[in-house]
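One structure is given below, encoded as structure tokens.
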Amino acid sequence: MENILEVKNLTVKLNGKTILEDINFSVKKGETLAIVGPNGGGKTTLLKTILGFIEPTKGYVRLLGLPPKQAVKTGKVGYLPQKNNVPKKFPVSVLDVVLFGLVNSKLPKKKQIEKALEYLDYVGMLEFKDYPFSDLSGGQQQRVSIARVLVAEPEIIFLDEPSTGIDMVAQESFYEFLKHLKETKGLTIVMVTHDVGVVAKFVDKIAGLNRYLHFYGHPKDFFKKEILEKLYGSEIELIVHAEECVACEHFKFKIGDKKC
Ligand SMILES: Nc1ncnc2c1ncn2[C@@H]1O[C@H](COP(=O)(O)OP(=O)(O)OP(=O)(O)O)[C@@H](O)[C@H]1O
Ligand SMILES: [Mg+2]
């Protein structure tokens with residue numbers, strides 16, 4: 001399998017402060033990667049650098065075999081930023097939000113609407129097409145936002161904390177949905193998340209990032225005390241073998257009040 005993303009010796013300094021240091025990893029076509037780590041660890045900065053919004057201080061990124069800015073211009077790269085940028089009270093319909101995903105498309109308007117409706121159906125939101133976007137629940141808004149990213153039919157998508165504001169039950173079904181996307185569309189998915197326990201069973205790889213890439217590998221190798229301490233600090237509490245744990249068969253972990 002070919003690498004769709006390559007990050008090589010990447011160092012990023014912002015205003016004289018080193019945010020990322022010597023990061024190396026690659027993602028193969030069709031893989032799903034979760035980037036995890038504490039607040040301020042550099043996850044969003046890494047995504048923005050991969051997408052060409054931030055220039056590396058050292059090292060480089062190859063996305064679809066190209067420098068980031070060129071890759072993004074191909075239209076094969078989707079991005080859902082950390083904060084959804086639809087203003088809260090802006091009276092825009094669900095269908096319009098999805099159509100934003102086709103602003104660079106050369107398709108005639110009628111075809112664009114057909115496509116937008118097809119993707120709303122795909123994310124299970126067709127019946128809401130004429131609703132104001134702001135009236136939807138957090139989870140429904142995320143589905144629509146995903147449709148906006150998917151409607152351009154990208155090969156790789158980057159999602160920055162896509163499950164923020166979604167409750168635990170909806171989170172599970174959201175990740176099931178991402179898994180379905182990967183299986184039906186062969187899409188490569190790179191997402192930033194704090195739901196380590198939940199995502200572990202849906203992703204192929206985990207990247208543990210806190211300035212350095214402390215861990216990169218299979219989820220089953222991630223839930224080890226020494227790795228979690230390196231990443232989150234020593235307050236982390238590892239609870240061994242809780243039956244209901246979804247992360248893996250052996251460990252449950254706790255960061256502050258957040259439990260998996
Ligand atoms: N333009 C900037 N100039 C200086 N420092 C910045 C800039 N943008 C981000 N930072 C700093 O870089 C660090 C990493 O920020 P980043 O947003 O990448 O973290 P994150 O891992 O996404 O955090 P969170 O989990 O809270 O979203 C933070 O300390 C932040 O203050
Ligand atoms: Mg962030």
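Identifiers for the structure tokens are assigned positionally: chains receive A, B, ... in sequence, residues are indexed from 1 per chain, and ligands are indexed from 1 in the order shown.
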DSSP alpha helix (DSSP H) residues within region 11-97 of chain A, as a CSV table (one decimal) with all heavy atoms, in the first residue's frame:
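Output file out.csv is given in full below:
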```csv
chain,number,residue,atom,x,y,z
A,43,LYS,N,-1.7,19.3,18.4
A,43,LYS,CA,-2.5,18.5,17.4
A,43,LYS,C,-3.0,19.3,16.3
A,43,LYS,O,-2.9,19.0,15.1
A,43,LYS,CB,-3.6,17.8,18.2
A,43,LYS,CG,-3.2,16.9,19.3
A,43,LYS,CD,-4.3,16.2,20.1
A,43,LYS,CE,-5.2,17.1,20.8
A,43,LYS,NZ,-4.6,18.0,21.8
A,44,THR,N,-3.7,20.4,16.6
A,44,THR,CA,-4.3,21.3,15.6
A,44,THR,C,-3.1,21.9,14.7
A,44,THR,O,-3.3,22.0,13.5
A,44,THR,CB,-5.1,22.4,16.2
A,44,THR,OG1,-6.2,21.8,16.9
A,44,THR,CG2,-5.7,23.4,15.2
A,45,THR,N,-2.0,22.3,15.4
A,45,THR,CA,-0.9,22.8,14.7
A,45,THR,C,-0.4,21.8,13.6
A,45,THR,O,0.0,22.1,12.5
A,45,THR,CB,0.2,23.2,15.6
A,45,THR,OG1,-0.3,24.1,16.6
A,45,THR,CG2,1.4,23.8,15.0
A,46,LEU,N,-0.3,20.5,14.0
A,46,LEU,CA,0.1,19.5,13.1
A,46,LEU,C,-0.8,19.4,11.9
A,46,LEU,O,-0.4,19.4,10.8
A,46,LEU,CB,0.2,18.1,13.9
A,46,LEU,CG,0.6,16.9,13.0
A,46,LEU,CD1,2.0,17.1,12.4
A,46,LEU,CD2,0.6,15.6,13.8
A,47,LEU,N,-2.1,19.4,12.2
A,47,LEU,CA,-3.1,19.3,11.0
A,47,LEU,C,-2.9,20.5,10.1
A,47,LEU,O,-2.8,20.4,8.9
A,47,LEU,CB,-4.5,19.3,11.5
A,47,LEU,CG,-5.1,18.0,12.1
A,47,LEU,CD1,-6.6,18.0,12.0
A,47,LEU,CD2,-4.5,16.7,11.4
A,48,LYS,N,-2.8,21.7,10.7
A,48,LYS,CA,-2.6,22.9,9.9
A,48,LYS,C,-1.3,22.9,9.1
A,48,LYS,O,-1.3,23.4,8.0
A,48,LYS,CB,-2.7,24.2,10.8
A,48,LYS,CG,-4.1,24.5,11.3
A,48,LYS,CD,-4.1,25.7,12.1
A,48,LYS,CE,-5.5,26.1,12.6
A,48,LYS,NZ,-5.5,27.2,13.5
A,49,THR,N,-0.3,22.3,9.6
A,49,THR,CA,1.0,22.2,8.9
A,49,THR,C,0.8,21.2,7.8
A,49,THR,O,1.3,21.5,6.6
A,49,THR,CB,2.1,21.8,9.9
A,49,THR,OG1,2.1,22.7,11.0
A,49,THR,CG2,3.5,22.0,9.2
A,50,ILE,N,0.2,20.1,8.0
A,50,ILE,CA,0.0,19.1,7.0
A,50,ILE,C,-0.9,19.7,5.8
A,50,ILE,O,-0.6,19.4,4.7
A,50,ILE,CB,-0.8,17.8,7.6
A,50,ILE,CG1,0.2,17.1,8.5
A,50,ILE,CG2,-1.3,16.9,6.5
A,50,ILE,CD1,-0.5,16.0,9.3
A,68,PRO,N,2.0,20.3,0.6
A,68,PRO,CA,0.6,20.5,1.0
A,68,PRO,C,-0.2,21.4,0.2
A,68,PRO,O,-1.4,21.1,-0.1
A,68,PRO,CB,0.8,21.0,2.5
A,68,PRO,CG,2.1,20.4,2.9
A,68,PRO,CD,3.0,20.3,1.7
A,69,LYS,N,0.3,22.6,-0.1
A,69,LYS,CA,-0.5,23.6,-0.8
A,69,LYS,C,-1.0,23.0,-2.2
A,69,LYS,O,-2.1,23.2,-2.6
A,69,LYS,CB,0.2,24.9,-1.0
A,69,LYS,CG,0.2,25.7,0.3
A,69,LYS,CD,0.8,27.1,0.1
A,69,LYS,CE,0.8,27.8,1.4
A,69,LYS,NZ,2.1,28.4,1.8
A,70,GLN,N,-0.1,22.3,-2.9
A,70,GLN,CA,-0.5,21.7,-4.2
A,70,GLN,C,-1.5,20.6,-4.0
A,70,GLN,O,-2.4,20.5,-4.7
A,70,GLN,CB,0.7,21.1,-4.8
A,70,GLN,CG,1.6,22.1,-5.5
A,70,GLN,CD,2.8,21.4,-6.2
A,70,GLN,OE1,2.6,20.4,-6.8
A,70,GLN,NE2,4.0,22.0,-6.1
A,71,ALA,N,-1.3,19.8,-2.9
A,71,ALA,CA,-2.2,18.7,-2.6
A,71,ALA,C,-3.6,19.2,-2.4
A,71,ALA,O,-4.6,18.7,-2.9
A,71,ALA,CB,-1.7,17.9,-1.4
A,72,VAL,N,-3.7,20.3,-1.6
A,72,VAL,CA,-5.0,20.9,-1.2
A,72,VAL,C,-5.8,21.4,-2.5
A,72,VAL,O,-7.0,21.2,-2.7
A,72,VAL,CB,-4.9,22.0,-0.2
A,72,VAL,CG1,-6.2,22.8,0.0
A,72,VAL,CG2,-4.5,21.3,1.2
A,73,LYS,N,-5.0,21.9,-3.4
A,73,LYS,CA,-5.6,22.4,-4.7
A,73,LYS,C,-6.2,21.3,-5.6
A,73,LYS,O,-7.0,21.6,-6.5
A,73,LYS,CB,-4.5,23.2,-5.5
A,73,LYS,CG,-4.3,24.6,-5.0
A,73,LYS,CD,-3.4,25.4,-6.0
A,73,LYS,CE,-2.9,26.6,-5.3
A,73,LYS,NZ,-1.5,27.0,-5.8
A,94,VAL,N,-29.5,23.5,6.2
A,94,VAL,CA,-28.7,22.3,6.2
A,94,VAL,C,-28.1,22.1,4.8
A,94,VAL,O,-27.0,21.8,4.6
A,94,VAL,CB,-29.5,21.1,6.7
A,94,VAL,CG1,-28.9,19.8,6.4
A,94,VAL,CG2,-29.7,21.3,8.2
A,95,LEU,N,-29.0,22.2,3.8
A,95,LEU,CA,-28.6,21.9,2.4
A,95,LEU,C,-27.5,22.9,2.0
A,95,LEU,O,-26.5,22.6,1.3
A,95,LEU,CB,-29.8,22.0,1.5
A,95,LEU,CG,-29.5,21.8,0.0
A,95,LEU,CD1,-28.9,20.5,-0.3
A,95,LEU,CD2,-30.8,22.0,-0.9
A,96,ASP,N,-27.7,24.2,2.4
A,96,ASP,CA,-26.7,25.2,2.0
A,96,ASP,C,-25.3,24.9,2.6
A,96,ASP,O,-24.3,25.1,2.0
A,96,ASP,CB,-27.2,26.6,2.5
A,96,ASP,CG,-28.3,27.2,1.6
A,96,ASP,OD1,-28.4,26.8,0.4
A,96,ASP,OD2,-29.0,28.0,2.1
A,97,VAL,N,-25.3,24.4,3.8
A,97,VAL,CA,-24.1,24.1,4.5
A,97,VAL,C,-23.3,23.0,3.6
A,97,VAL,O,-22.1,23.2,3.4
A,97,VAL,CB,-24.3,23.6,5.9
A,97,VAL,CG1,-23.0,23.0,6.5
A,97,VAL,CG2,-24.8,24.7,6.8
```
### Message
Quick one: residues within 9 Å of Gly75 (chain A), only C-alpha atoms, excluding same-chain residues fewer than 4 positions away - as number ranges by chain?
### Response
A: 71, 104-105, 152-155
May I have the residues from that selection written out with N, CA and C atoms, as a tab-separated table (two decimals), in the first residue's frame?
```
chain	number	residue	atom	x	y	z
A	71	ALA	N	-1.31	19.82	-2.89
A	71	ALA	CA	-2.23	18.71	-2.62
A	71	ALA	C	-3.64	19.24	-2.37
A	104	ASN	N	-15.87	25.20	-4.99
A	104	ASN	CA	-14.88	25.19	-6.08
A	104	ASN	C	-15.26	24.25	-7.22
A	105	SER	N	-16.47	23.67	-7.13
A	105	SER	CA	-16.87	22.69	-8.13
A	105	SER	C	-17.33	23.38	-9.42
A	152	ALA	N	-17.37	16.84	-1.76
A	152	ALA	CA	-16.36	17.11	-2.78
A	152	ALA	C	-15.60	15.83	-3.18
A	153	GLU	N	-15.98	14.71	-2.54
A	153	GLU	CA	-15.39	13.39	-2.80
A	153	GLU	C	-13.87	13.38	-2.68
A	154	PRO	N	-13.37	13.71	-1.46
A	154	PRO	CA	-11.93	13.71	-1.23
A	154	PRO	C	-11.40	12.28	-1.08
A	155	GLU	N	-10.07	12.16	-1.17
A	155	GLU	CA	-9.43	10.85	-0.93
A	155	GLU	C	-8.98	10.72	0.51
```
Counting only C-alpha atoms and all ligand atoms, name the residues that have an atom within 9 Å of an atom of ligand 1; the answer should be given as an mmCIF file with all heavy atoms, in the first residue's frame.
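The result, stored in result_8.cif:
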```
data_model
loop_
_atom_site.group_PDB
_atom_site.id
_atom_site.type_symbol
_atom_site.label_atom_id
_atom_site.label_comp_id
_atom_site.auth_asym_id
_atom_site.auth_seq_id
_atom_site.Cartn_x
_atom_site.Cartn_y
_atom_site.Cartn_z
ATOM 1 N N LYS A 13 7.968 25.973 14.763
ATOM 2 C CA LYS A 13 8.080 27.002 15.805
ATOM 3 C C LYS A 13 7.092 28.098 15.472
ATOM 4 O O LYS A 13 6.993 28.519 14.321
ATOM 5 C CB LYS A 13 9.494 27.597 15.807
ATOM 6 C CG LYS A 13 10.526 26.697 16.430
ATOM 7 C CD LYS A 13 11.853 27.422 16.569
ATOM 8 C CE LYS A 13 12.918 26.390 16.911
ATOM 9 N NZ LYS A 13 14.260 26.934 16.920
ATOM 10 N N LEU A 14 6.360 28.563 16.485
ATOM 11 C CA LEU A 14 5.448 29.694 16.292
ATOM 12 C C LEU A 14 5.839 30.777 17.276
ATOM 13 O O LEU A 14 5.938 30.509 18.480
ATOM 14 C CB LEU A 14 3.994 29.262 16.529
ATOM 15 C CG LEU A 14 3.406 28.245 15.547
ATOM 16 C CD1 LEU A 14 2.009 27.815 15.998
ATOM 17 C CD2 LEU A 14 3.346 28.780 14.128
ATOM 18 N N ASN A 15 6.074 31.963 16.793
ATOM 19 C CA ASN A 15 6.525 33.083 17.642
ATOM 20 C C ASN A 15 7.684 32.675 18.556
ATOM 21 O O ASN A 15 7.679 32.963 19.751
ATOM 22 C CB ASN A 15 5.360 33.623 18.492
ATOM 23 C CG ASN A 15 4.312 34.289 17.635
ATOM 24 O OD1 ASN A 15 4.628 34.891 16.598
ATOM 25 N ND2 ASN A 15 3.057 34.163 18.018
ATOM 26 N N GLY A 16 8.625 31.967 18.004
ATOM 27 C CA GLY A 16 9.831 31.600 18.752
ATOM 28 C C GLY A 16 9.660 30.392 19.666
ATOM 29 O O GLY A 16 10.606 29.925 20.293
ATOM 30 N N LYS A 17 8.424 29.863 19.763
ATOM 31 C CA LYS A 17 8.184 28.721 20.666
ATOM 32 C C LYS A 17 8.076 27.432 19.843
ATOM 33 O O LYS A 17 7.342 27.397 18.843
ATOM 34 C CB LYS A 17 6.870 28.986 21.418
ATOM 35 C CG LYS A 17 6.559 27.999 22.503
ATOM 36 C CD LYS A 17 5.257 28.412 23.203
ATOM 37 C CE LYS A 17 4.659 27.225 23.953
ATOM 38 N NZ LYS A 17 3.239 27.345 24.154
ATOM 39 N N THR A 18 8.807 26.417 20.252
ATOM 40 C CA THR A 18 8.737 25.151 19.518
ATOM 41 C C THR A 18 7.457 24.408 19.895
ATOM 42 O O THR A 18 7.261 24.032 21.054
ATOM 43 C CB THR A 18 9.976 24.270 19.813
ATOM 44 O OG1 THR A 18 11.126 25.043 19.527
ATOM 45 C CG2 THR A 18 9.971 23.007 18.970
ATOM 46 N N ILE A 19 6.592 24.220 18.930
ATOM 47 C CA ILE A 19 5.294 23.561 19.180
ATOM 48 C C ILE A 19 5.391 22.073 18.814
ATOM 49 O O ILE A 19 4.838 21.218 19.487
ATOM 50 C CB ILE A 19 4.164 24.216 18.336
ATOM 51 C CG1 ILE A 19 4.171 25.741 18.482
ATOM 52 C CG2 ILE A 19 2.815 23.632 18.703
ATOM 53 C CD1 ILE A 19 3.871 26.276 19.852
ATOM 54 N N LEU A 20 6.096 21.782 17.722
ATOM 55 C CA LEU A 20 6.281 20.387 17.292
ATOM 56 C C LEU A 20 7.767 20.172 17.031
ATOM 57 O O LEU A 20 8.430 21.039 16.461
ATOM 58 C CB LEU A 20 5.500 20.128 15.990
ATOM 59 C CG LEU A 20 3.992 20.299 16.040
ATOM 60 C CD1 LEU A 20 3.402 20.229 14.622
ATOM 61 C CD2 LEU A 20 3.350 19.245 16.932
ATOM 62 N N VAL A 36 -3.903 11.893 19.309
ATOM 63 C CA VAL A 36 -4.364 12.188 20.670
ATOM 64 C C VAL A 36 -3.249 12.872 21.450
ATOM 65 O O VAL A 36 -2.084 12.834 21.046
ATOM 66 C CB VAL A 36 -4.812 10.887 21.404
ATOM 67 C CG1 VAL A 36 -5.872 10.149 20.597
ATOM 68 C CG2 VAL A 36 -3.624 9.962 21.678
ATOM 69 N N GLY A 37 -3.615 13.460 22.584
ATOM 70 C CA GLY A 37 -2.614 14.119 23.422
ATOM 71 C C GLY A 37 -3.260 15.231 24.211
ATOM 72 O O GLY A 37 -4.413 15.578 23.969
ATOM 73 N N PRO A 38 -2.532 15.811 25.175
ATOM 74 C CA PRO A 38 -3.131 16.827 26.047
ATOM 75 C C PRO A 38 -3.429 18.127 25.309
ATOM 76 O O PRO A 38 -2.896 18.359 24.216
ATOM 77 C CB PRO A 38 -2.055 17.049 27.116
ATOM 78 C CG PRO A 38 -0.784 16.647 26.470
ATOM 79 C CD PRO A 38 -1.127 15.562 25.495
ATOM 80 N N ASN A 39 -4.228 18.988 25.920
ATOM 81 C CA ASN A 39 -4.505 20.321 25.357
ATOM 82 C C ASN A 39 -3.190 21.061 25.166
ATOM 83 O O ASN A 39 -2.316 21.019 26.023
ATOM 84 C CB ASN A 39 -5.378 21.147 26.322
ATOM 85 C CG ASN A 39 -6.778 20.579 26.471
ATOM 86 O OD1 ASN A 39 -7.252 20.363 27.584
ATOM 87 N ND2 ASN A 39 -7.440 20.324 25.364
ATOM 88 N N GLY A 40 -3.083 21.730 24.037
ATOM 89 C CA GLY A 40 -1.862 22.494 23.754
ATOM 90 C C GLY A 40 -0.702 21.631 23.295
ATOM 91 O O GLY A 40 0.414 22.123 23.114
ATOM 92 N N GLY A 41 -0.954 20.352 23.071
ATOM 93 C CA GLY A 41 0.117 19.431 22.672
ATOM 94 C C GLY A 41 0.568 19.593 21.217
ATOM 95 O O GLY A 41 1.565 19.000 20.804
ATOM 96 N N GLY A 42 -0.199 20.355 20.431
ATOM 97 C CA GLY A 42 0.219 20.629 19.057
ATOM 98 C C GLY A 42 -0.567 19.875 17.996
ATOM 99 O O GLY A 42 -0.198 19.879 16.821
ATOM 100 N N LYS A 43 -1.723 19.288 18.363
ATOM 101 C CA LYS A 43 -2.494 18.471 17.415
ATOM 102 C C LYS A 43 -3.046 19.320 16.265
ATOM 103 O O LYS A 43 -2.891 18.973 15.094
ATOM 104 C CB LYS A 43 -3.640 17.753 18.157
ATOM 105 C CG LYS A 43 -3.166 16.852 19.283
ATOM 106 C CD LYS A 43 -4.312 16.206 20.054
ATOM 107 C CE LYS A 43 -5.234 17.148 20.780
ATOM 108 N NZ LYS A 43 -4.602 17.965 21.845
ATOM 109 N N THR A 44 -3.694 20.431 16.635
ATOM 110 C CA THR A 44 -4.261 21.303 15.593
ATOM 111 C C THR A 44 -3.139 21.898 14.744
ATOM 112 O O THR A 44 -3.258 21.990 13.508
ATOM 113 C CB THR A 44 -5.126 22.411 16.244
ATOM 114 O OG1 THR A 44 -6.214 21.771 16.915
ATOM 115 C CG2 THR A 44 -5.679 23.379 15.214
ATOM 116 N N THR A 45 -2.045 22.273 15.393
ATOM 117 C CA THR A 45 -0.893 22.821 14.653
ATOM 118 C C THR A 45 -0.375 21.789 13.647
ATOM 119 O O THR A 45 -0.038 22.135 12.510
ATOM 120 C CB THR A 45 0.227 23.212 15.650
ATOM 121 O OG1 THR A 45 -0.324 24.135 16.592
ATOM 122 C CG2 THR A 45 1.418 23.829 14.951
ATOM 123 N N LEU A 46 -0.348 20.531 14.048
ATOM 124 C CA LEU A 46 0.118 19.487 13.131
ATOM 125 C C LEU A 46 -0.821 19.404 11.916
ATOM 126 O O LEU A 46 -0.352 19.377 10.765
ATOM 127 C CB LEU A 46 0.194 18.132 13.859
ATOM 128 C CG LEU A 46 0.583 16.937 12.985
ATOM 129 C CD1 LEU A 46 1.965 17.127 12.354
ATOM 130 C CD2 LEU A 46 0.552 15.626 13.781
ATOM 131 N N LEU A 47 -2.127 19.381 12.159
ATOM 132 C CA LEU A 47 -3.063 19.321 11.024
ATOM 133 C C LEU A 47 -2.884 20.527 10.109
ATOM 134 O O LEU A 47 -2.827 20.389 8.887
ATOM 135 C CB LEU A 47 -4.522 19.279 11.498
ATOM 136 C CG LEU A 47 -5.065 18.003 12.107
ATOM 137 C CD1 LEU A 47 -6.594 18.008 12.047
ATOM 138 C CD2 LEU A 47 -4.545 16.749 11.424
ATOM 139 N N LYS A 48 -2.761 21.709 10.708
ATOM 140 C CA LYS A 48 -2.631 22.926 9.887
ATOM 141 C C LYS A 48 -1.335 22.913 9.088
ATOM 142 O O LYS A 48 -1.290 23.443 7.982
ATOM 143 C CB LYS A 48 -2.694 24.174 10.772
ATOM 144 C CG LYS A 48 -4.092 24.452 11.304
ATOM 145 C CD LYS A 48 -4.118 25.722 12.129
ATOM 146 C CE LYS A 48 -5.525 26.079 12.566
ATOM 147 N NZ LYS A 48 -5.515 27.197 13.526
ATOM 148 N N ILE A 54 0.364 26.337 7.825
ATOM 149 C CA ILE A 54 1.535 26.744 8.615
ATOM 150 C C ILE A 54 2.762 26.149 7.934
ATOM 151 O O ILE A 54 2.743 24.978 7.533
ATOM 152 C CB ILE A 54 1.425 26.219 10.074
ATOM 153 C CG1 ILE A 54 0.256 26.890 10.802
ATOM 154 C CG2 ILE A 54 2.726 26.431 10.845
ATOM 155 C CD1 ILE A 54 -0.027 26.337 12.198
ATOM 156 N N GLN A 82 -11.441 22.494 13.918
ATOM 157 C CA GLN A 82 -11.835 22.222 15.308
ATOM 158 C C GLN A 82 -13.129 22.958 15.671
ATOM 159 O O GLN A 82 -13.999 22.401 16.310
ATOM 160 C CB GLN A 82 -10.702 22.648 16.249
ATOM 161 C CG GLN A 82 -10.979 22.329 17.707
ATOM 162 C CD GLN A 82 -9.710 22.308 18.547
ATOM 163 O OE1 GLN A 82 -8.619 22.614 18.076
ATOM 164 N NE2 GLN A 82 -9.857 21.939 19.801
ATOM 165 N N ASP A 160 -10.784 17.638 12.983
ATOM 166 C CA ASP A 160 -10.202 18.104 14.245
ATOM 167 C C ASP A 160 -11.270 18.087 15.336
ATOM 168 O O ASP A 160 -12.163 18.930 15.357
ATOM 169 C CB ASP A 160 -9.622 19.518 14.064
ATOM 170 C CG ASP A 160 -8.625 19.878 15.162
ATOM 171 O OD1 ASP A 160 -8.596 19.177 16.191
ATOM 172 O OD2 ASP A 160 -7.886 20.867 14.979
ATOM 173 N N GLU A 161 -11.187 17.112 16.209
ATOM 174 C CA GLU A 161 -12.153 16.899 17.300
ATOM 175 C C GLU A 161 -13.597 16.858 16.803
ATOM 176 O O GLU A 161 -14.445 17.651 17.224
ATOM 177 C CB GLU A 161 -11.957 17.964 18.388
ATOM 178 C CG GLU A 161 -10.560 17.878 18.979
ATOM 179 C CD GLU A 161 -10.406 18.609 20.306
ATOM 180 O OE1 GLU A 161 -11.421 18.825 20.994
ATOM 181 O OE2 GLU A 161 -9.262 18.921 20.644
ATOM 182 N N VAL A 192 -8.246 14.201 14.963
ATOM 183 C CA VAL A 192 -7.766 14.590 16.284
ATOM 184 C C VAL A 192 -8.902 14.319 17.245
ATOM 185 O O VAL A 192 -10.056 14.629 16.947
ATOM 186 C CB VAL A 192 -7.417 16.090 16.313
ATOM 187 C CG1 VAL A 192 -7.183 16.563 17.739
ATOM 188 C CG2 VAL A 192 -6.205 16.373 15.445
ATOM 189 N N THR A 193 -8.594 13.721 18.376
ATOM 190 C CA THR A 193 -9.667 13.419 19.315
ATOM 191 C C THR A 193 -9.141 13.325 20.743
ATOM 192 O O THR A 193 -7.952 13.094 20.967
ATOM 193 C CB THR A 193 -10.371 12.101 18.929
ATOM 194 O OG1 THR A 193 -11.424 11.855 19.848
ATOM 195 C CG2 THR A 193 -9.431 10.917 18.934
ATOM 196 N N HIS A 194 -10.059 13.532 21.702
ATOM 197 C CA HIS A 194 -9.714 13.271 23.113
ATOM 198 C C HIS A 194 -10.359 11.964 23.580
ATOM 199 O O HIS A 194 -10.131 11.547 24.707
ATOM 200 C CB HIS A 194 -10.176 14.434 23.999
ATOM 201 C CG HIS A 194 -9.330 15.660 23.820
ATOM 202 N ND1 HIS A 194 -8.040 15.747 24.297
ATOM 203 C CD2 HIS A 194 -9.566 16.822 23.196
ATOM 204 C CE1 HIS A 194 -7.535 16.937 23.980
ATOM 205 N NE2 HIS A 194 -8.435 17.600 23.300
ATOM 206 N N LEU A 209 0.687 12.690 20.722
ATOM 207 C CA LEU A 209 1.467 13.899 20.430
ATOM 208 C C LEU A 209 1.458 14.874 21.600
ATOM 209 O O LEU A 209 0.401 15.254 22.107
ATOM 210 C CB LEU A 209 0.860 14.581 19.197
ATOM 211 C CG LEU A 209 1.579 15.791 18.632
ATOM 212 C CD1 LEU A 209 2.901 15.388 17.976
ATOM 213 C CD2 LEU A 209 0.706 16.518 17.605
ATOM 214 N N ASN A 210 2.628 15.255 22.045
ATOM 215 C CA ASN A 210 2.773 16.348 23.003
ATOM 216 C C ASN A 210 4.141 16.965 22.720
ATOM 217 O O ASN A 210 5.144 16.565 23.298
ATOM 218 C CB ASN A 210 2.662 15.843 24.449
ATOM 219 C CG ASN A 210 2.610 16.994 25.440
ATOM 220 O OD1 ASN A 210 2.544 18.159 25.048
ATOM 221 N ND2 ASN A 210 2.652 16.663 26.723
ATOM 222 N N ARG A 211 4.182 17.854 21.809
ATOM 223 C CA ARG A 211 5.391 18.442 21.219
ATOM 224 C C ARG A 211 6.177 17.392 20.433
ATOM 225 O O ARG A 211 6.480 17.579 19.274
ATOM 226 C CB ARG A 211 6.272 19.092 22.289
ATOM 227 C CG ARG A 211 7.560 19.617 21.685
ATOM 228 C CD ARG A 211 8.277 20.553 22.638
ATOM 229 N NE ARG A 211 9.626 20.824 22.239
ATOM 230 C CZ ARG A 211 10.371 21.784 22.739
ATOM 231 N NH1 ARG A 211 9.882 22.564 23.682
ATOM 232 N NH2 ARG A 211 11.589 21.976 22.327
#
```
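Between CA of Gly139 (chain A) and CA of Thr184 (chain A) lies a distance of 21.3 Å.
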#### Entry: Neighbour list for Ser163 (chain A) as a PyMOL selection string, cut-off 9 Å, only C-alpha atoms, skip fewer than 5 positions in-chain
chain A and resi 138-139+142+170-171+174-175+193-195
Give me a file of those residues, with all heavy atoms, as a compact mmCIF listing (two decimals), in the first residue's frame.
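Produced file result-v4.txt, reproduced below:
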```txt
# COMPACT_ATOMS: atom_id res chain seq x y z
N GLY A 138 -25.86 19.03 18.40
CA GLY A 138 -24.41 18.99 18.12
C GLY A 138 -24.04 17.82 17.21
O GLY A 138 -23.29 17.97 16.25
N GLY A 139 -24.60 16.64 17.51
CA GLY A 139 -24.28 15.44 16.73
C GLY A 139 -24.79 15.54 15.30
O GLY A 139 -24.13 15.13 14.35
N GLN A 142 -22.63 17.84 13.34
CA GLN A 142 -21.39 17.19 12.93
C GLN A 142 -21.60 16.33 11.69
O GLN A 142 -20.78 16.31 10.78
CB GLN A 142 -20.80 16.34 14.06
CG GLN A 142 -19.99 17.11 15.08
CD GLN A 142 -18.95 18.04 14.48
OE1 GLN A 142 -19.27 19.01 13.82
NE2 GLN A 142 -17.69 17.76 14.70
N ALA A 170 -23.94 8.80 21.24
CA ALA A 170 -23.85 9.33 19.88
C ALA A 170 -22.41 9.23 19.36
O ALA A 170 -22.20 9.02 18.17
CB ALA A 170 -24.34 10.77 19.85
N GLN A 171 -21.45 9.38 20.27
CA GLN A 171 -20.04 9.25 19.86
C GLN A 171 -19.76 7.89 19.25
O GLN A 171 -19.15 7.78 18.20
CB GLN A 171 -19.13 9.38 21.09
CG GLN A 171 -18.61 10.77 21.31
CD GLN A 171 -17.77 10.82 22.57
OE1 GLN A 171 -17.13 9.84 22.94
NE2 GLN A 171 -17.79 11.96 23.21
N PHE A 174 -21.18 7.71 15.94
CA PHE A 174 -20.42 8.57 15.05
C PHE A 174 -19.16 7.85 14.56
O PHE A 174 -18.84 7.87 13.37
CB PHE A 174 -20.04 9.87 15.77
CG PHE A 174 -19.22 10.80 14.93
CD1 PHE A 174 -19.80 11.50 13.88
CD2 PHE A 174 -17.87 10.96 15.17
CE1 PHE A 174 -19.04 12.34 13.09
CE2 PHE A 174 -17.11 11.81 14.38
CZ PHE A 174 -17.70 12.50 13.34
N TYR A 175 -18.49 7.17 15.46
CA TYR A 175 -17.28 6.44 15.05
C TYR A 175 -17.62 5.22 14.20
O TYR A 175 -16.88 4.87 13.29
CB TYR A 175 -16.43 6.06 16.27
CG TYR A 175 -15.79 7.28 16.90
CD1 TYR A 175 -16.04 7.62 18.22
CD2 TYR A 175 -14.98 8.12 16.15
CE1 TYR A 175 -15.47 8.76 18.77
CE2 TYR A 175 -14.42 9.27 16.69
CZ TYR A 175 -14.67 9.58 18.00
OH TYR A 175 -14.12 10.71 18.54
N THR A 193 -8.59 13.72 18.38
CA THR A 193 -9.67 13.42 19.31
C THR A 193 -9.14 13.32 20.74
O THR A 193 -7.95 13.09 20.97
CB THR A 193 -10.37 12.10 18.93
OG1 THR A 193 -11.42 11.86 19.85
CG2 THR A 193 -9.43 10.92 18.93
N HIS A 194 -10.06 13.53 21.70
CA HIS A 194 -9.71 13.27 23.11
C HIS A 194 -10.36 11.96 23.58
O HIS A 194 -10.13 11.55 24.71
CB HIS A 194 -10.18 14.43 24.00
CG HIS A 194 -9.33 15.66 23.82
ND1 HIS A 194 -8.04 15.75 24.30
CD2 HIS A 194 -9.57 16.82 23.20
CE1 HIS A 194 -7.53 16.94 23.98
NE2 HIS A 194 -8.43 17.60 23.30
N ASP A 195 -11.17 11.35 22.74
CA ASP A 195 -11.88 10.12 23.16
C ASP A 195 -11.02 8.89 22.91
O ASP A 195 -11.44 7.98 22.19
CB ASP A 195 -13.18 9.93 22.36
CG ASP A 195 -13.94 11.22 22.15
OD1 ASP A 195 -13.96 12.02 23.08
OD2 ASP A 195 -14.50 11.41 21.06
```
